[in-house]
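Participant: To start, I am sharing the structure in question, which I have written as structure tokens.
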Number of protein chains: 2
Amino acid sequence: MSQVTTTDLYEVTMALSYLREDMRAPATFSLFVRDLPPGRGFLVSAGLEPALDYLSRYRVGGTDVQEFAEALGRPAADLEPLRGLSFDGQVRAVPEGRLVFAGEPLLEVTAPLPQAQLVETYLLCLLCHQTTVATKAARCVIAAGGRPLVDFSLRRNHGPGAGMQAARLGALVGFAGTSNVAAATRYGIPASGTMAHSYIETFPSEEDAFRAFARAHPGPVTFLVDTYDTEHGVATAARVLVDLQRGPGCAVRLDSGDLSALAHRARATLDAAGLRDVRITASGGLDEYAVAMLVRNGAPIDVFAVGTKVGTAADAPYLDAAYKLVEYDGRPVMKLSSAKVTAPASKQVFRGPGLRDVIGLANEAPPEGTEPLLQTVMRGGLRSEPPDTLGAARARFEADLAQLPESARRIEDPVAPVPAVSTPLSVLTTVVRHRIEARTGAGR
Amino acid sequence: MSQVTTTDLYEVTMALSYLREDMRAPATFSLFVRDLPPGRGFLVSAGLEPALDYLSRYRVGGTDVQEFAEALGRPAADLEPLRGLSFDGQVRAVPEGRLVFAGEPLLEVTAPLPQAQLVETYLLCLLCHQTTVATKAARCVIAAGGRPLVDFSLRRNHGPGAGMQAARLGALVGFAGTSNVAAATRYGIPASGTMAHSYIETFPSEEDAFRAFARAHPGPVTFLVDTYDTEHGVATAARVLVDLQRGPGCAVRLDSGDLSALAHRARATLDAAGLRDVRITASGGLDEYAVAMLVRNGAPIDVFAVGTKVGTAADAPYLDAAYKLVEYDGRPVMKLSSAKVTAPASKQVFRGPGLRDVIGLANEAPPEGTEPLLQTVMRGGLRSEPPDTLGAARARFEADLAQLPESARRIEDPVAPVPAVSTPLSVLTTVVRHRIEARTGAGR
């Protein structure tokens with residue numbers, strides 16, 4: 001499918017009107033999250049790299065024009081003004097990995113109005129989804145308190161594309177690996193995987209299965225021990241590992257039952273067999289809440305494999321994000337309708353120590369001791385910098401996380417920092433509101 | 001990315017072991033949902049068409065072998081046994097659009113063990129996601145009580161691929177259209193779209209915006225009326241429509257505020273202007289709960305546009321589905337671990353009137369007056385039938401929905417029918433359990 005036509009039809013109807021009216025002046029749109037989802041003390045900025053790829057390649061081709069025409073039920077000739085349109089605007093954005101809060105722009109696009117409008121849907125789709133999943137994964141990292149995490153979510157993600165991103169975003173916040181081979185290859189993430197219950201079931205006994213697996217895989221192996229009876233399975237695994245003189249790098253995986261109790265008993269069994277360096281991996285419906293509880297209970301689990309609930313961000317699977325026009329042809333604009341007021345003009349986020357943020361105007365002087373979050377990442381439709389790396393994004397995430405207040409870090413009932421608003425932005429918001437109310441008769 | 005490597009690594013480690021042990025006998029895996037998510041009285045079977053495409057094309061190529069080797073940290077030569085492997089098995093499945101319940105197989109694969117194993121992850125990914133979203137969309141159709149629904153979810157879906165499916169699955173259960181142009185083209189769905197708030201804001205006034213839009217679009221137009229003040233916006237829209245002598249096919253869209261109250265007032269304003277045939281579309285965070293309440297309140301809304309919460313199935317974004325080995329080399333198998341017992345052997349679902357289902361063995365004689373749900377859809381790796389159409393799937397959905405008990409149809413606290421289990425399947429389950437317990441020492 002074409003990325004150009006993977007868009008809401010209304011982007012096209014609007015762009016056509018803008019072209020007809022010759023409204024090609026620069027417009028700035030700001031993509032931001034109005035409120036954090038319940039249970040979130042922060043967001044992890046994500047999706048920018050794919051978004052820049054999209055914008056770099058954006059070009060309305062002949063087939064796209066045909067598709068648009070068919071969607072509108074109009075002759076292709078009516079859509080010709082769109083042919084060849086590409087994105088040659090400027091993008092300022094928060095780099096991937098940084099923590100952001102409600103009301104802070106993740107990305108601002110400045111481009112001739114039709115271009116800036118046409119890219120709305122796809123940009124929202126990328127940034128909303130990826131920020132949602134990166135945030136969920138980051139909470140798992142916090143909950144695991146330094147123990148490695150692995151992404152097992154592919155089978156339950158919202159399609160294979162979402163699965164690729166779940167692996168990438170896990171790695172972005174520090175996961176140690178993914179089960180997804182294609183993602184491991186594409187993003188340079190360690191791949192991880194063992195065996196399913198079905199594997200055990202195809203052999204006459206669990207021990208036969210373990211021995212066959214070890215025959216096929218001369219390196220470290222992980223044995224899944226809960227197919228029939230977990231304690232029995234751990235004892236069998238220990239016997240096979242001792243017999244084969246395997247140990248370092250090997251593991252047993254628990255996938256059901258009371259993981260804390262079973263991990264304690266498994267540890268005891270392994271230790272008694274002299275297998276102190278055989279690790280215990282746990283999986284099975286884990287998310288940050290379950291991981292935090294296992295860590296709190298002192299469960300001797302060495303690696304957490306998280307899947308379904310993390311890859312789908314199950315408790316908060318979307319963001320209340322918007323892509324709002326904030327400036328057109330040098331004039332700040334805003335929307336007034338109930339409960340959805342947006343602040344006008346191009347913005348910047350000034351970050352002080354401890355992630356104390358001030359949202360201000362893009363052209364304000366930065367307050368003393370603050371750092372601007374939005375960077376210019378694209379000029380004239382071209383990237384300003386080479387593509388970012390996962391490692392760089394992870395370093396940014398870790399640096400911000402180290403500064404995050406405890407109240408926002410905690411897993412249960414976190415409280416998100418509320419960014420301040422600069423005086424120039426407040427004043428401008430009031431002025432623009434009055435101007436619009438006077439003009440439209442709104443607010444009566 | 002390759003569909004072959006978009007898989008969990010463990011599928012590959014297992015397949016390698018099976019090939020090494022020469023375990024190529026036929027295996028049957030059953031893909032089913034253990035329990036329905038909370039708030040669901042049924043599921044709509046979906047994802048089969050893309051799954052059959054995937055299986056038809058499945059073939060491990062040279063690059064795939066290389067990727068697998070790198071993921072495992074082994075020489076490519078070790079992975080050579082996989083090269084050229086394709087899927088030549090049999091698939092029995094519930095056609096898309098049919099209603100299914102907990103424990104019923106959506107799909108059963110019978111193929112040489114390595115093949116049947118390798119396709120697990122991708123099949124789960126497709127069927128889980130699509131059944132989840134189709135079910136959510138179906139509940140919206142029930143809630144809307146015959147009023148048309150439109151899919152606006154693309155911007156909030158879990159990536160563009162999920163957006164394509166959300167549009168397809170909406171159409172599958174009877175949505176009237178989608179905002180997604182690429183999906184409209186690919187699946188032959190009517191495209192739908194109007195204007196954003198930003199469009200209004202770029203013009204000196206709302207009226208200027210409406211007039212400009214009408215200039216660009218000579219056919220029916222929809223005016224978004226809540227950018228500044230909704231009642232004022234409706235009055236302006238009415239004035240412009242009357243002035244331009246537009247009306248039939250035109251609409252106003254409400255996107256915020258108390259939709260029921262605003263719709264009543266909008267209807268009155270439009271009617272007073274002689275615009276009885278101008279429709280009212282509502283959008284803004286709608287799902288089946290909101291739609292049901294608006295319908296119950298008698299809100300004069302003609303079209304519901306649903307997005308975020310439906311496309312992400314926000315209140316239940318995943319299924320507890322499994323792909324379990326039920327038969328290997330002619331021997332029924334099952335898994336006993338805590339709370340996850342699976343029934344052995346290849347199955348069939350026998351559907352009686354009123355969706356009274358019996359889960360039985362595939363080779364049982366169908367009980368009198370029942371219809372088997374699982375059809376053979378692939379033999380020897382080839383489709384048994386030409387690709388299904390959305391229209392045929394929709395007809396199946398509508399026929400099943402007409403039979404669904406009221407308690408399962410309702411939006412709040414639905415109660416799902418519980419399929420019965422046939423005597424032959426019950427007996428076999430007991431026999432196999434005893435056999436496994438005796439052999440493994442489990443269940444002590």
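We name chains A, B, ... following the order of the structure tokens; residues begin at 1 in each chain, and ligands are numbered from 1 as shown.
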Quick one: everything within 7 Å of B:Glu96, counting only C-alpha atoms, minus sequence neighbours fewer than 5 positions away in the same chain. Send it as a PyMOL selection string.
Facilitator: chain B and resi 45-48+393
Participant: Name all residues at most 10 Å from stretch 410-424 of chain B (count only C-alpha atoms; drop same-chain ones fewer than 2 positions away) and give them as a compact mmCIF listing (two decimals) with C-alpha atoms, in the first residue's frame.
Facilitator:
```txt
# COMPACT_ATOMS: atom_id res chain seq x y z
CA LEU B 36 -13.59 -14.29 26.08
CA PRO B 38 -14.36 -9.05 29.83
CA GLY B 39 -17.35 -7.30 28.27
CA ARG B 40 -17.64 -9.63 25.31
CA GLY B 41 -20.60 -11.92 24.64
CA PHE B 42 -19.19 -13.31 21.40
CA LEU B 43 -16.24 -13.04 19.03
CA VAL B 100 -17.47 -17.95 17.84
CA PHE B 101 -17.18 -18.59 21.57
CA ALA B 102 -14.63 -19.63 24.17
CA GLY B 103 -12.83 -22.88 23.47
CA GLU B 104 -13.93 -23.18 19.86
CA ARG B 139 -20.54 -4.34 19.08
CA CYS B 140 -20.71 -0.83 17.61
CA ILE B 142 -25.29 -3.60 17.48
CA ALA B 143 -25.23 -0.37 19.49
CA GLU B 288 -20.22 1.08 21.49
CA TYR B 289 -20.99 2.31 25.00
CA ALA B 292 -25.65 2.94 22.68
CA VAL B 349 -17.84 -27.17 16.23
CA PHE B 350 -21.40 -28.31 15.57
CA ARG B 351 -23.76 -25.34 15.52
CA GLY B 354 -29.77 -20.15 18.25
CA LEU B 355 -25.99 -20.64 18.11
CA ARG B 356 -26.16 -23.60 20.47
CA ASP B 357 -22.76 -25.10 19.84
CA VAL B 358 -21.21 -28.45 20.64
CA ILE B 359 -17.43 -28.83 20.48
CA GLY B 360 -16.66 -32.35 19.37
CA LEU B 361 -14.10 -34.42 17.55
CA ASN B 363 -14.44 -37.17 12.91
CA GLU B 364 -17.66 -37.36 14.92
CA PRO B 367 -25.55 -34.15 15.81
CA LEU B 404 -27.37 -14.54 18.84
CA PRO B 405 -29.25 -14.63 22.17
CA GLU B 406 -30.14 -11.20 23.55
CA SER B 407 -28.00 -11.80 26.65
CA ALA B 408 -24.89 -12.10 24.47
CA SER B 426 -15.01 -35.68 26.96
CA VAL B 427 -14.15 -39.34 27.02
CA LEU B 428 -11.02 -38.84 24.95
CA THR B 429 -9.88 -35.95 27.18
```
Participant: Among the residues of stretch 1-236 of chain B, find those DSSP assigns to strand (DSSP E or B) from the backbone and print them as a PyMOL selection string.
Facilitator: chain B and resi 8+26-33+43-44+59+86+90-93+99-100+105-112+149-151+177-178+180+191+222-224
Participant: Please provide as a list in words all residues within 8 Å of A:Tyr187, with the sequence filter that same-chain residues fewer than 3 positions apart are discarded (counting only C-alpha atoms).
Facilitator: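 Contacts, with the query itself left out: Arg168, Ala183, Ala184 and Leu390 of chain A.
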Participant: Please measure the separation of atom CA of B:Ser17 and atom CA of A:Ala273, giving the value in Å to one decimal.
Facilitator: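 If I compute the distance from atom CA of B:Ser17 to atom CA of A:Ala273, I get 26.2 Å.
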